[in-house]
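Okay, target.cif now, which holds mmCIF, C-alpha atoms and all ligand atoms:
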data_work
loop_
_atom_site.label_atom_id
_atom_site.label_comp_id
_atom_site.auth_asym_id
_atom_site.auth_seq_id
_atom_site.Cartn_x
_atom_site.Cartn_y
_atom_site.Cartn_z
CA MET A 1 0.00 0.00 0.00
CA SER A 2 1.23 3.50 -0.79
CA ALA A 3 3.02 5.63 1.74
CA ASN A 4 0.15 8.07 2.31
CA SER A 5 -2.28 5.15 2.91
CA ALA A 6 -4.35 5.96 -0.17
CA LEU A 7 -4.87 2.88 -2.31
CA HIS A 8 -3.20 3.57 -5.62
CA ILE A 9 -5.32 2.35 -8.52
CA ALA A 10 -3.99 2.09 -12.08
CA VAL A 11 -6.87 2.99 -14.40
CA LEU A 12 -6.74 1.68 -17.99
CA PRO A 13 -10.00 2.70 -19.70
CA GLY A 14 -9.09 1.11 -23.07
CA ASP A 15 -11.23 1.31 -26.22
CA GLY A 16 -14.88 1.36 -27.30
CA ILE A 17 -17.23 1.22 -24.32
CA GLY A 18 -14.22 0.72 -21.98
CA PRO A 19 -14.00 4.44 -21.04
CA GLU A 20 -17.83 4.64 -20.94
CA VAL A 21 -18.05 2.04 -18.17
CA MET A 22 -14.84 3.15 -16.43
CA ALA A 23 -16.23 6.62 -15.65
CA PRO A 24 -19.16 5.19 -13.59
CA ALA A 25 -16.77 2.81 -11.78
CA LEU A 26 -14.63 5.76 -10.65
CA GLU A 27 -17.75 7.69 -9.56
CA ILE A 28 -18.71 4.71 -7.40
CA LEU A 29 -15.23 4.63 -5.84
CA ARG A 30 -15.38 8.37 -5.13
CA LYS A 31 -18.69 7.81 -3.36
CA VAL A 32 -17.09 4.98 -1.34
CA GLU A 33 -14.29 7.37 -0.44
CA ALA A 34 -16.78 10.00 0.71
CA THR A 35 -18.63 7.57 2.95
CA THR A 36 -15.79 5.47 4.46
CA ASP A 37 -12.23 5.83 5.76
CA LEU A 38 -10.88 4.43 2.50
CA LYS A 39 -8.83 6.71 0.25
CA PHE A 40 -7.94 6.18 -3.40
CA ARG A 41 -5.44 7.68 -5.78
CA PHE A 42 -6.21 7.09 -9.46
CA THR A 43 -3.61 7.21 -12.22
CA GLU A 44 -4.90 6.83 -15.74
CA ALA A 45 -2.84 5.15 -18.46
CA GLU A 46 -3.01 4.21 -22.12
CA ALA A 47 -3.57 0.72 -23.51
CA GLY A 48 -5.45 -0.75 -26.43
CA ALA A 49 -6.27 -0.50 -30.11
CA ASN A 50 -6.44 3.29 -30.27
CA HIS A 51 -3.04 3.54 -28.61
CA TYR A 52 -1.68 1.01 -31.12
CA LYS A 53 -3.08 3.04 -34.01
CA ALA A 54 -1.31 6.13 -32.70
CA THR A 55 2.02 4.55 -31.68
CA GLY A 56 2.37 1.02 -33.07
CA LYS A 57 2.39 -0.46 -29.51
CA SER A 58 -0.42 -2.14 -27.57
CA MET A 59 0.61 -0.19 -24.46
CA PRO A 60 3.57 1.95 -23.47
CA GLU A 61 6.26 0.86 -21.01
CA THR A 62 4.95 3.55 -18.61
CA THR A 63 1.62 1.70 -18.36
CA ILE A 64 3.41 -1.51 -17.39
CA ARG A 65 5.51 0.33 -14.77
CA LEU A 66 2.36 1.98 -13.37
CA CYS A 67 0.61 -1.40 -13.09
CA GLU A 68 3.67 -2.76 -11.26
CA GLU A 69 3.60 0.06 -8.72
CA ALA A 70 -0.17 0.31 -8.15
CA ASP A 71 -2.10 -1.55 -5.45
CA ALA A 72 -4.62 -2.76 -8.03
CA ILE A 73 -5.38 -2.39 -11.73
CA LEU A 74 -8.79 -1.44 -13.14
CA LEU A 75 -9.31 -2.07 -16.85
CA GLY A 76 -12.28 -1.17 -19.08
CA ALA A 77 -11.92 -3.25 -22.22
CA CYS A 78 -9.41 -3.21 -25.08
CA GLY A 79 -9.33 -4.04 -28.76
CA LEU A 80 -11.29 -3.14 -31.86
CA PRO A 81 -12.02 -5.62 -34.65
CA SER A 82 -10.97 -3.03 -37.23
CA VAL A 83 -7.47 -2.56 -35.72
CA ARG A 84 -5.22 -5.58 -36.25
CA TYR A 85 -1.59 -6.67 -36.28
CA PRO A 86 -0.08 -7.61 -39.65
CA ASP A 87 -0.81 -11.31 -38.85
CA ASN A 88 -4.53 -10.38 -38.62
CA THR A 89 -4.86 -10.92 -34.84
CA GLU A 90 -6.10 -8.16 -32.54
CA ILE A 91 -4.45 -5.81 -30.09
CA ALA A 92 -5.04 -7.36 -26.65
CA PRO A 93 -3.13 -5.74 -23.76
CA GLN A 94 -5.67 -7.26 -21.36
CA ILE A 95 -4.21 -10.69 -22.23
CA GLU A 96 -0.60 -9.44 -22.17
CA LEU A 97 -1.10 -8.11 -18.62
CA ARG A 98 -2.24 -11.56 -17.46
CA MET A 99 0.96 -13.09 -18.84
CA LEU A 100 3.25 -10.27 -17.65
CA PHE A 101 1.94 -10.28 -14.07
CA ASP A 102 1.30 -14.04 -13.82
CA LEU A 103 -2.44 -13.57 -13.21
CA TYR A 104 -3.29 -17.25 -13.42
CA ALA A 105 -6.73 -17.22 -11.74
CA GLY A 106 -9.44 -15.55 -13.85
CA VAL A 107 -12.39 -15.33 -11.46
CA ARG A 108 -15.72 -14.90 -13.25
CA PRO A 109 -18.77 -14.97 -11.00
CA ALA A 110 -22.22 -15.42 -12.55
CA ARG A 111 -24.95 -14.49 -10.09
CA LEU A 112 -28.48 -13.89 -11.35
CA ILE A 113 -29.59 -10.70 -9.63
CA PRO A 114 -33.30 -10.78 -8.74
CA GLY A 115 -35.17 -8.65 -11.27
CA VAL A 116 -32.75 -9.42 -14.13
CA PRO A 117 -34.26 -11.69 -16.80
CA SER A 118 -32.40 -14.94 -17.54
CA PRO A 119 -33.06 -16.84 -20.79
CA ILE A 120 -33.19 -20.06 -18.71
CA VAL A 121 -36.65 -21.26 -17.71
CA GLY A 122 -36.84 -21.66 -13.93
CA ALA A 123 -33.80 -19.51 -13.16
CA ASP A 124 -35.96 -16.76 -11.66
CA THR A 125 -37.16 -19.12 -8.91
CA ARG A 126 -34.17 -21.43 -8.51
CA GLY A 127 -31.47 -18.77 -8.89
CA ILE A 128 -27.98 -18.89 -10.42
CA ASP A 129 -24.89 -18.30 -8.31
CA LEU A 130 -21.71 -19.86 -9.65
CA VAL A 131 -18.11 -18.94 -10.40
CA VAL A 132 -16.01 -19.96 -13.39
CA ILE A 133 -12.28 -19.88 -12.67
CA ARG A 134 -10.46 -19.56 -15.94
CA GLU A 135 -6.73 -20.28 -15.90
CA SER A 136 -5.46 -17.14 -17.63
CA THR A 137 -1.76 -17.44 -18.43
CA GLU A 138 -1.30 -20.67 -20.34
CA GLY A 139 -3.52 -23.37 -21.91
CA LEU A 140 -4.11 -22.63 -25.57
CA PHE A 141 -3.38 -18.93 -25.00
CA ALA A 142 0.27 -19.79 -24.23
CA SER A 143 0.57 -19.95 -27.98
CA MET A 144 -0.50 -16.33 -28.46
CA GLY A 145 1.80 -14.73 -31.03
CA LYS A 146 3.76 -18.00 -31.43
CA GLY A 147 1.54 -19.99 -33.78
CA THR A 148 2.95 -21.00 -37.14
CA VAL A 149 1.08 -20.60 -40.39
CA SER A 150 2.09 -21.82 -43.83
CA HIS A 151 0.08 -21.95 -47.00
CA ASP A 152 -1.19 -25.43 -46.10
CA GLU A 153 -1.47 -25.56 -42.33
CA ALA A 154 -1.59 -23.62 -39.08
CA ARG A 155 -0.45 -24.80 -35.64
CA GLU A 156 -0.94 -23.53 -32.12
CA THR A 157 0.29 -25.46 -29.07
CA MET A 158 -1.46 -25.76 -25.71
CA LEU A 159 0.64 -25.63 -22.55
CA ILE A 160 -0.35 -26.90 -19.09
CA THR A 161 2.28 -26.65 -16.35
CA ARG A 162 2.35 -28.28 -12.93
CA ARG A 163 3.42 -25.04 -11.24
CA THR A 164 0.50 -22.98 -12.56
CA SER A 165 -2.05 -25.79 -12.22
CA GLU A 166 -1.15 -26.41 -8.57
CA ARG A 167 -1.57 -22.72 -7.71
CA LEU A 168 -4.77 -22.48 -9.78
CA PHE A 169 -6.37 -25.45 -8.00
CA ALA A 170 -5.20 -24.31 -4.56
CA PHE A 171 -6.80 -20.91 -5.28
CA SER A 172 -10.00 -22.60 -6.52
CA PHE A 173 -10.36 -24.85 -3.46
CA LYS A 174 -9.79 -21.86 -1.20
CA LEU A 175 -12.54 -19.95 -3.00
CA ALA A 176 -14.87 -22.98 -2.78
CA GLU A 177 -14.15 -23.22 0.96
CA ARG A 178 -14.92 -19.53 1.38
CA ARG A 179 -18.23 -19.93 -0.47
CA THR A 180 -19.08 -23.03 1.58
CA ALA A 181 -18.56 -20.95 4.73
CA ARG A 182 -21.09 -18.48 3.29
CA GLY A 183 -23.73 -21.17 2.76
CA ARG A 184 -22.99 -22.54 -0.73
CA SER A 185 -22.14 -26.22 -0.89
CA GLY A 186 -22.00 -27.20 -4.53
CA GLY A 187 -18.27 -27.92 -4.42
CA LEU A 188 -15.62 -27.53 -7.09
CA ALA A 189 -15.64 -29.19 -10.53
CA CYS A 190 -12.61 -29.48 -12.79
CA VAL A 191 -13.78 -29.00 -16.39
CA ASP A 192 -11.54 -30.61 -19.01
CA LYS A 193 -11.31 -32.92 -22.00
CA ALA A 194 -9.32 -35.64 -20.26
CA ASN A 195 -11.06 -38.34 -22.29
CA VAL A 196 -9.15 -37.25 -25.41
CA PHE A 197 -6.07 -35.16 -24.58
CA LYS A 198 -3.08 -36.15 -22.44
CA ALA A 199 -2.60 -32.52 -21.42
CA PHE A 200 -6.06 -32.54 -19.84
CA ALA A 201 -5.46 -35.91 -18.15
CA PHE A 202 -2.35 -34.27 -16.62
CA PHE A 203 -4.45 -31.21 -15.59
CA ARG A 204 -7.06 -33.51 -13.97
CA GLY A 205 -4.38 -35.56 -12.19
CA ILE A 206 -3.00 -32.42 -10.52
CA PHE A 207 -6.55 -31.37 -9.58
CA ASP A 208 -7.02 -34.73 -7.81
CA GLU A 209 -3.73 -34.31 -5.93
CA VAL A 210 -4.69 -30.84 -4.69
CA ALA A 211 -8.22 -32.05 -3.85
CA GLN A 212 -6.75 -34.42 -1.26
CA ARG A 213 -5.55 -31.41 0.71
CA HIS A 214 -9.09 -29.94 0.77
CA PRO A 215 -11.34 -32.78 2.01
CA LYS A 216 -14.14 -30.41 3.04
CA VAL A 217 -14.86 -29.42 -0.59
CA LYS A 218 -16.83 -31.82 -2.79
CA ALA A 219 -14.46 -32.27 -5.77
CA ASP A 220 -15.85 -33.38 -9.11
CA HIS A 221 -14.85 -33.70 -12.81
CA LEU A 222 -16.78 -32.78 -15.91
CA TYR A 223 -16.01 -32.91 -19.60
CA ILE A 224 -16.29 -29.49 -21.21
CA ASP A 225 -18.91 -30.52 -23.78
CA ALA A 226 -21.27 -32.10 -21.22
CA CYS A 227 -20.64 -29.18 -18.88
CA ALA A 228 -21.80 -26.67 -21.53
CA ALA A 229 -25.13 -28.50 -21.90
CA MET A 230 -25.61 -28.89 -18.14
CA LEU A 231 -24.94 -25.21 -17.55
CA VAL A 232 -27.82 -24.34 -19.85
CA LYS A 233 -30.19 -27.02 -18.50
CA ARG A 234 -29.61 -26.61 -14.76
CA PRO A 235 -27.16 -23.84 -13.89
CA TRP A 236 -28.45 -23.73 -10.29
CA ASP A 237 -26.65 -27.06 -9.59
CA PHE A 238 -23.20 -25.45 -10.06
CA ASP A 239 -21.02 -23.70 -7.51
CA VAL A 240 -17.36 -23.34 -8.58
CA LEU A 241 -15.87 -24.54 -11.88
CA VAL A 242 -12.17 -24.46 -12.75
CA THR A 243 -10.89 -24.88 -16.27
CA GLU A 244 -8.23 -24.21 -18.90
CA ASN A 245 -7.85 -20.76 -20.49
CA MET A 246 -9.67 -21.26 -23.82
CA PHE A 247 -12.46 -23.35 -22.29
CA GLY A 248 -12.86 -20.70 -19.58
CA ASP A 249 -12.95 -17.93 -22.17
CA ILE A 250 -15.96 -19.56 -23.80
CA LEU A 251 -17.73 -20.94 -20.71
CA SER A 252 -17.59 -17.58 -18.93
CA ASP A 253 -19.33 -15.83 -21.84
CA LEU A 254 -21.95 -18.60 -21.73
CA THR A 255 -22.49 -18.03 -18.00
CA ALA A 256 -22.66 -14.25 -18.59
CA GLY A 257 -25.51 -14.96 -21.02
CA LEU A 258 -27.31 -16.97 -18.31
CA ILE A 259 -27.42 -13.97 -15.96
CA GLY A 260 -28.67 -11.33 -18.39
CA GLY A 261 -25.73 -10.56 -20.66
CA MET A 262 -22.13 -9.40 -20.89
CA GLY A 263 -22.92 -6.15 -19.11
CA MET A 264 -23.82 -8.08 -15.94
CA ALA A 265 -20.65 -10.20 -15.64
CA PRO A 266 -17.68 -8.92 -13.58
CA SER A 267 -14.26 -10.49 -13.41
CA ALA A 268 -10.88 -10.46 -11.68
CA ASP A 269 -7.55 -11.77 -12.98
CA ILE A 270 -5.62 -12.67 -9.85
CA GLY A 271 -2.02 -13.73 -9.27
CA ASP A 272 0.10 -14.13 -6.15
CA ARG A 273 0.98 -10.41 -6.04
CA TYR A 274 -0.99 -8.45 -8.68
CA ALA A 275 -4.59 -8.36 -9.87
CA VAL A 276 -6.56 -6.77 -12.70
CA PHE A 277 -10.28 -6.09 -12.35
CA GLN A 278 -12.36 -5.72 -15.47
CA PRO A 279 -15.77 -6.70 -16.81
CA CYS A 280 -15.95 -9.96 -18.80
CA HIS A 281 -17.14 -8.04 -21.85
CA GLY A 282 -15.19 -6.49 -24.68
CA THR A 283 -15.36 -3.06 -26.25
CA ALA A 284 -18.82 -3.60 -27.83
CA PRO A 285 -18.20 -1.56 -31.01
CA ASP A 286 -21.86 -2.10 -32.01
CA ILE A 287 -23.06 0.16 -29.17
CA MET A 288 -20.08 2.40 -28.41
CA GLY A 289 -20.66 6.14 -28.22
CA GLN A 290 -24.43 5.72 -27.78
CA GLY A 291 -24.72 5.80 -23.99
CA LYS A 292 -26.23 2.30 -24.07
CA ALA A 293 -23.47 0.31 -22.36
CA ASN A 294 -24.52 -1.37 -19.14
CA PRO A 295 -21.92 -0.38 -16.49
CA THR A 296 -23.05 -3.05 -13.98
CA ALA A 297 -20.27 -5.54 -14.81
CA MET A 298 -17.63 -2.85 -14.35
CA ILE A 299 -19.22 -1.65 -11.09
CA LEU A 300 -19.32 -5.22 -9.74
CA SER A 301 -15.67 -5.63 -10.77
CA VAL A 302 -14.90 -2.67 -8.50
CA ALA A 303 -16.63 -4.57 -5.65
CA MET A 304 -14.37 -7.55 -6.41
CA MET A 305 -11.35 -5.25 -6.31
CA LEU A 306 -12.33 -3.97 -2.86
CA ASP A 307 -12.76 -7.52 -1.60
CA TRP A 308 -9.29 -8.46 -2.90
CA LEU A 309 -7.67 -5.32 -1.45
CA ALA A 310 -9.40 -6.04 1.86
CA GLU A 311 -7.87 -9.50 2.07
CA LYS A 312 -4.45 -8.31 0.91
CA HIS A 313 -4.16 -5.39 3.31
CA GLY A 314 -6.49 -6.50 6.13
CA LEU A 315 -8.89 -3.62 5.42
CA GLU A 316 -12.18 -4.45 7.12
CA GLY A 317 -13.77 -1.29 5.66
CA ALA A 318 -13.06 -2.44 2.12
CA VAL A 319 -14.96 -5.74 2.63
CA GLU A 320 -17.98 -3.76 3.78
CA ALA A 321 -17.66 -1.27 0.92
CA GLY A 322 -17.59 -4.10 -1.64
CA GLU A 323 -20.67 -5.69 -0.08
CA ARG A 324 -22.43 -2.31 -0.04
CA ILE A 325 -21.82 -1.91 -3.78
CA GLU A 326 -23.30 -5.37 -4.44
CA ARG A 327 -26.34 -4.57 -2.29
CA ALA A 328 -26.81 -1.24 -4.10
CA VAL A 329 -26.72 -2.99 -7.49
CA ASP A 330 -29.22 -5.60 -6.24
CA LYS A 331 -31.56 -2.85 -5.01
CA VAL A 332 -31.47 -1.03 -8.33
CA TYR A 333 -32.52 -4.16 -10.24
CA ALA A 334 -35.14 -5.10 -7.62
CA ASP A 335 -36.55 -1.60 -8.11
CA GLY A 336 -37.00 -2.33 -11.82
CA ILE A 337 -34.15 -0.71 -13.75
CA LYS A 338 -33.89 -2.25 -17.22
CA PRO A 339 -30.76 -1.61 -19.32
CA PHE A 340 -30.94 -1.56 -23.14
CA GLU A 341 -29.00 -4.82 -22.98
CA PHE A 342 -32.12 -6.76 -22.07
CA GLY A 343 -34.77 -4.80 -23.86
CA GLY A 344 -35.17 -1.84 -21.53
CA SER A 345 -34.56 1.85 -22.02
CA ASN A 346 -32.01 2.59 -19.28
CA GLY A 347 -28.58 3.67 -20.49
CA THR A 348 -25.20 4.01 -18.81
CA ALA A 349 -26.11 7.26 -17.06
CA ASP A 350 -29.42 5.92 -15.63
CA VAL A 351 -27.82 2.78 -14.18
CA THR A 352 -24.92 4.77 -12.71
CA LYS A 353 -27.18 7.37 -11.14
CA ALA A 354 -29.42 4.70 -9.62
CA VAL A 355 -26.50 2.75 -8.12
CA LEU A 356 -24.96 5.94 -6.72
CA GLN A 357 -28.28 6.83 -5.09
CA ALA A 358 -28.65 3.34 -3.63
CA LEU A 359 -25.12 3.38 -2.18
N1 LIG A 401 -11.28 -7.97 -21.83
C1 LIG A 401 -11.28 -7.34 -23.00
O1 LIG A 401 -10.72 -6.27 -23.12
C2 LIG A 401 -12.01 -7.96 -24.15
C3 LIG A 401 -12.82 -9.08 -23.98
C4 LIG A 401 -13.53 -9.57 -25.06
C5 LIG A 401 -13.41 -8.96 -26.30
N2 LIG A 401 -12.59 -7.90 -26.45
C6 LIG A 401 -12.52 -7.15 -27.73
O2 LIG A 401 -13.71 -6.38 -27.83
C7 LIG A 401 -14.09 -6.24 -29.21
C8 LIG A 401 -15.55 -6.66 -29.41
O3 LIG A 401 -15.66 -8.07 -29.13
P1 LIG A 401 -17.03 -8.87 -29.14
O4 LIG A 401 -18.03 -8.12 -29.94
O5 LIG A 401 -16.71 -10.26 -29.49
O6 LIG A 401 -17.48 -8.93 -27.60
P2 LIG A 401 -18.17 -7.83 -26.69
O7 LIG A 401 -18.23 -8.36 -25.32
O8 LIG A 401 -17.54 -6.51 -26.87
O9 LIG A 401 -19.68 -7.72 -27.27
C9 LIG A 401 -20.53 -8.86 -27.41
C10 LIG A 401 -21.99 -8.39 -27.37
O10 LIG A 401 -22.31 -8.01 -26.03
C11 LIG A 401 -22.74 -6.66 -25.97
N3 LIG A 401 -22.17 -6.03 -24.79
C12 LIG A 401 -20.92 -6.20 -24.31
N4 LIG A 401 -20.74 -5.47 -23.22
C13 LIG A 401 -21.89 -4.82 -23.00
C14 LIG A 401 -22.32 -3.89 -22.01
N5 LIG A 401 -21.52 -3.49 -21.01
N6 LIG A 401 -23.58 -3.40 -22.09
C15 LIG A 401 -24.40 -3.81 -23.06
N7 LIG A 401 -24.07 -4.68 -24.02
C16 LIG A 401 -22.82 -5.18 -23.98
C17 LIG A 401 -22.22 -6.01 -27.24
O11 LIG A 401 -23.01 -4.90 -27.61
C18 LIG A 401 -22.26 -7.17 -28.23
O12 LIG A 401 -23.54 -7.27 -28.80
C19 LIG A 401 -13.10 -7.07 -29.99
O13 LIG A 401 -12.13 -6.22 -30.51
C20 LIG A 401 -12.51 -8.03 -28.97
O14 LIG A 401 -11.22 -8.47 -29.28
C21 LIG A 401 -11.90 -7.37 -25.40
#
What would the structure in this file look like if it were written as structure tokens?
Ligand SMILES: NC(=O)c1ccc[n+]([C@@H]2O[C@H](COP(=O)([O-])OP(=O)(O)OC[C@H]3O[C@@H](n4cnc5c(N)ncnc54)[C@H](O)[C@@H]3O)[C@@H](O)[C@H]2O)c1
Amino acid sequence: MSANSALHIAVLPGDGIGPEVMAPALEILRKVEATTDLKFRFTEAEAGANHYKATGKSMPETTIRLCEEADAILLGACGLPSVRYPDNTEIAPQIELRMLFDLYAGVRPARLIPGVPSPIVGADTRGIDLVVIRESTEGLFASMGKGTVSHDEARETMLITRRTSERLFAFSFKLAERRTARGRSGGLACVDKANVFKAFAFFRGIFDEVAQRHPKVKADHLYIDACAAMLVKRPWDFDVLVTENMFGDILSDLTAGLIGGMGMAPSADIGDRYAVFQPCHGTAPDIMGQGKANPTAMILSVAMMLDWLAEKHGLEGAVEAGERIERAVDKVYADGIKPFEFGGSNGTADVTKAVLQAL
């Protein structure tokens, strides 16, 4: 923590709707500051497709240094489909940060907030409250920028390491234990494709080893394909899921869809020392600049940041502040706010104002 006791937050708004949802997140934090003993210092920095267009780099060295020095990193969203590297892939500093800072645990909660419509029949009465933990530094993404392409074939290689998997599973069991203490008891499932690939059999074997050290958590295995179907048919049966990077990328968008859409799904990329907090969604070029972006996912990511900072620095006030933000969001939806995202007429400003009032 910084010398003057203010929590130093690196703010990377990014591209598209990134800055549109970042502004409400900072307003929420200023309100927290005004109503608690917590103090924040925000430093904004460049990253993303627009920065690449201007400079030829996904982010400057100064952004990386800032992220290193800050107590936590808040990110909007980066990348634009129209801005690409010569190999036709996109500018993705959000993925580079995960690799640079060893942020192996991508925590993606999917909680259906009462009042938010789910496309799943029965979800309104049975509820959805699960977490996908996406390994975020290796798996298929370890091949990012390293694939080979010739006229006749393309290759990308998946990497699973013992070191990362052990830490990922230890983190996942700890989270499952914490949720069990709060009344959830669905356990932890390892989601893989161990029936076909040796790398996933290795991943599963390490999961089983770590499971032995956490006998209080019900440990289970699922194949990714069956898991996708079960998540749609009965999402209320799930508690915590842990999986490889690419599978987690896809599953966590699926679970965002279950709880109302991308604008409802927060996330945290957590390592042993650093963490980035950002919504699950991208830059939504189809709605950018129209005031239609739902800022809820970004606001809930701020609550996750406070929870993480609380644990890291023993800040009791930050736990309460995070919980207050969640309760304020719940109240706003219970009171009937309806973002454009699910057919309503409430834009970014309406949702922000309502959450600020409820805080
Ligand atoms: N973490 C990140 O920075 C991140 C993540 C995913 C995609 N991307 C990038 O974002 C760009 C767009 O990707 P995409 O279209 O596949 O995914 P996306 O998440 O940006 O959009 C998917 C759909 O969800 C909607 N949506 C997303 N966030 C919303 C919000 N807050 N409120 C209301 N609606 C919302 C969009 O309008 C769109 O219809 C691409 O350049 C991609 O590479 C970045």
Enumerate as a short mmCIF file (atom, residue, chain, number, x, y, z; two decimals) with C-alpha atoms, keeping the file's coordinate frame the residues within 7 Å of ligand LIG 401 (chain A), counting all atoms listed in the file.
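File written: part.cif
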data_model
loop_
_atom_site.label_atom_id
_atom_site.label_comp_id
_atom_site.auth_asym_id
_atom_site.auth_seq_id
_atom_site.Cartn_x
_atom_site.Cartn_y
_atom_site.Cartn_z
CA GLY A 76 -12.28 -1.17 -19.08
CA ALA A 77 -11.92 -3.25 -22.22
CA CYS A 78 -9.41 -3.21 -25.08
CA GLY A 79 -9.33 -4.04 -28.76
CA LEU A 80 -11.29 -3.14 -31.86
CA PRO A 81 -12.02 -5.62 -34.65
CA GLU A 90 -6.10 -8.16 -32.54
CA ALA A 92 -5.04 -7.36 -26.65
CA GLN A 94 -5.67 -7.26 -21.36
CA GLY A 261 -25.73 -10.56 -20.66
CA MET A 262 -22.13 -9.40 -20.89
CA GLY A 263 -22.92 -6.15 -19.11
CA GLN A 278 -12.36 -5.72 -15.47
CA PRO A 279 -15.77 -6.70 -16.81
CA CYS A 280 -15.95 -9.96 -18.80
CA HIS A 281 -17.14 -8.04 -21.85
CA GLY A 282 -15.19 -6.49 -24.68
CA THR A 283 -15.36 -3.06 -26.25
CA ALA A 284 -18.82 -3.60 -27.83
CA PRO A 285 -18.20 -1.56 -31.01
CA ASP A 286 -21.86 -2.10 -32.01
CA ILE A 287 -23.06 0.16 -29.17
CA LYS A 292 -26.23 2.30 -24.07
CA ALA A 293 -23.47 0.31 -22.36
CA ASN A 294 -24.52 -1.37 -19.14
CA PRO A 295 -21.92 -0.38 -16.49
CA ALA A 297 -20.27 -5.54 -14.81
CA PHE A 340 -30.94 -1.56 -23.14
CA GLU A 341 -29.00 -4.82 -22.98
#
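Between CA of Val132 (chain A) and CA of Ser252 (chain A) the separation is 6.2 Å.
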Original post:
Pick the closest to Thr36 (chain A) from A:Asp350, A:Glu320, A:Glu244, A:Asp330: which is it, counting all atoms listed in the file?
Top reply: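 The answer is A:Glu320, which sits nearest to Thr36 (chain A).
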Original post:
With distances taken over only C-alpha atoms, which of A:Gly186, A:Pro93, A:Gly48, A:Gly18 is nearest to Met144 (chain A)?
Top reply: A:Pro93
Original post:
Just how far from CA of Arg155 (chain A) is CA of Gly106 (chain A), in Å to one decimal?
Top reply: 25.3 Å
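From CA of Lys146 (chain A) back to CA of Met59 (chain A), the distance works out to 19.4 Å.
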Original post:
Using all atoms listed in the file, which residues sit within 10 Å of region 160-168 of chain A once same-chain residues fewer than 3 positions away are excluded, as a ChimeraX atom specification?
Top reply: /A:102-106,133-140,142,171-174,199-200,202-207,209-210,242-245,270-272
Generate the output file for the selected residues, C-alpha atoms, as a PDB file, keeping the file's coordinate frame.
ATOM      1  CA  ASP A 102       1.300 -14.040 -13.820  1.00  0.00           C
ATOM      2  CA  LEU A 103      -2.440 -13.570 -13.210  1.00  0.00           C
ATOM      3  CA  TYR A 104      -3.290 -17.250 -13.420  1.00  0.00           C
ATOM      4  CA  ALA A 105      -6.730 -17.220 -11.740  1.00  0.00           C
ATOM      5  CA  GLY A 106      -9.440 -15.550 -13.850  1.00  0.00           C
ATOM      6  CA  ILE A 133     -12.280 -19.880 -12.670  1.00  0.00           C
ATOM      7  CA  ARG A 134     -10.460 -19.560 -15.940  1.00  0.00           C
ATOM      8  CA  GLU A 135      -6.730 -20.280 -15.900  1.00  0.00           C
ATOM      9  CA  SER A 136      -5.460 -17.140 -17.630  1.00  0.00           C
ATOM     10  CA  THR A 137      -1.760 -17.440 -18.430  1.00  0.00           C
ATOM     11  CA  GLU A 138      -1.300 -20.670 -20.340  1.00  0.00           C
ATOM     12  CA  GLY A 139      -3.520 -23.370 -21.910  1.00  0.00           C
ATOM     13  CA  LEU A 140      -4.110 -22.630 -25.570  1.00  0.00           C
ATOM     14  CA  ALA A 142       0.270 -19.790 -24.230  1.00  0.00           C
ATOM     15  CA  PHE A 171      -6.800 -20.910  -5.280  1.00  0.00           C
ATOM     16  CA  SER A 172     -10.000 -22.600  -6.520  1.00  0.00           C
ATOM     17  CA  PHE A 173     -10.360 -24.850  -3.460  1.00  0.00           C
ATOM     18  CA  LYS A 174      -9.790 -21.860  -1.200  1.00  0.00           C
ATOM     19  CA  ALA A 199      -2.600 -32.520 -21.420  1.00  0.00           C
ATOM     20  CA  PHE A 200      -6.060 -32.540 -19.840  1.00  0.00           C
ATOM     21  CA  PHE A 202      -2.350 -34.270 -16.620  1.00  0.00           C
ATOM     22  CA  PHE A 203      -4.450 -31.210 -15.590  1.00  0.00           C
ATOM     23  CA  ARG A 204      -7.060 -33.510 -13.970  1.00  0.00           C
ATOM     24  CA  GLY A 205      -4.380 -35.560 -12.190  1.00  0.00           C
ATOM     25  CA  ILE A 206      -3.000 -32.420 -10.520  1.00  0.00           C
ATOM     26  CA  PHE A 207      -6.550 -31.370  -9.580  1.00  0.00           C
ATOM     27  CA  GLU A 209      -3.730 -34.310  -5.930  1.00  0.00           C
ATOM     28  CA  VAL A 210      -4.690 -30.840  -4.690  1.00  0.00           C
ATOM     29  CA  VAL A 242     -12.170 -24.460 -12.750  1.00  0.00           C
ATOM     30  CA  THR A 243     -10.890 -24.880 -16.270  1.00  0.00           C
ATOM     31  CA  GLU A 244      -8.230 -24.210 -18.900  1.00  0.00           C
ATOM     32  CA  ASN A 245      -7.850 -20.760 -20.490  1.00  0.00           C
ATOM     33  CA  ILE A 270      -5.620 -12.670  -9.850  1.00  0.00           C
ATOM     34  CA  GLY A 271      -2.020 -13.730  -9.270  1.00  0.00           C
ATOM     35  CA  ASP A 272       0.100 -14.130  -6.150  1.00  0.00           C
TER      36      ASP A 272
END
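Remark: for Arg234 (chain A), the closest of the candidate residues A:Ile120, A:Ile325, A:Met298, A:Leu306 is A:Ile120 (distances computed over all atoms listed in the file).
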If we count all atoms listed in the file, what is near Leu130 (chain A) at a cut-off of 7 Å, once residues fewer than 3 positions away on the same chain are taken out, given as a compact mmCIF listing (two decimals) with C-alpha atoms, in the frame of the given file?
# COMPACT_ATOMS: atom_id res chain seq x y z
CA PRO A 109 -18.77 -14.97 -11.00
CA ALA A 110 -22.22 -15.42 -12.55
CA ARG A 111 -24.95 -14.49 -10.09
CA PHE A 238 -23.20 -25.45 -10.06
CA ASP A 239 -21.02 -23.70 -7.51
CA VAL A 240 -17.36 -23.34 -8.58
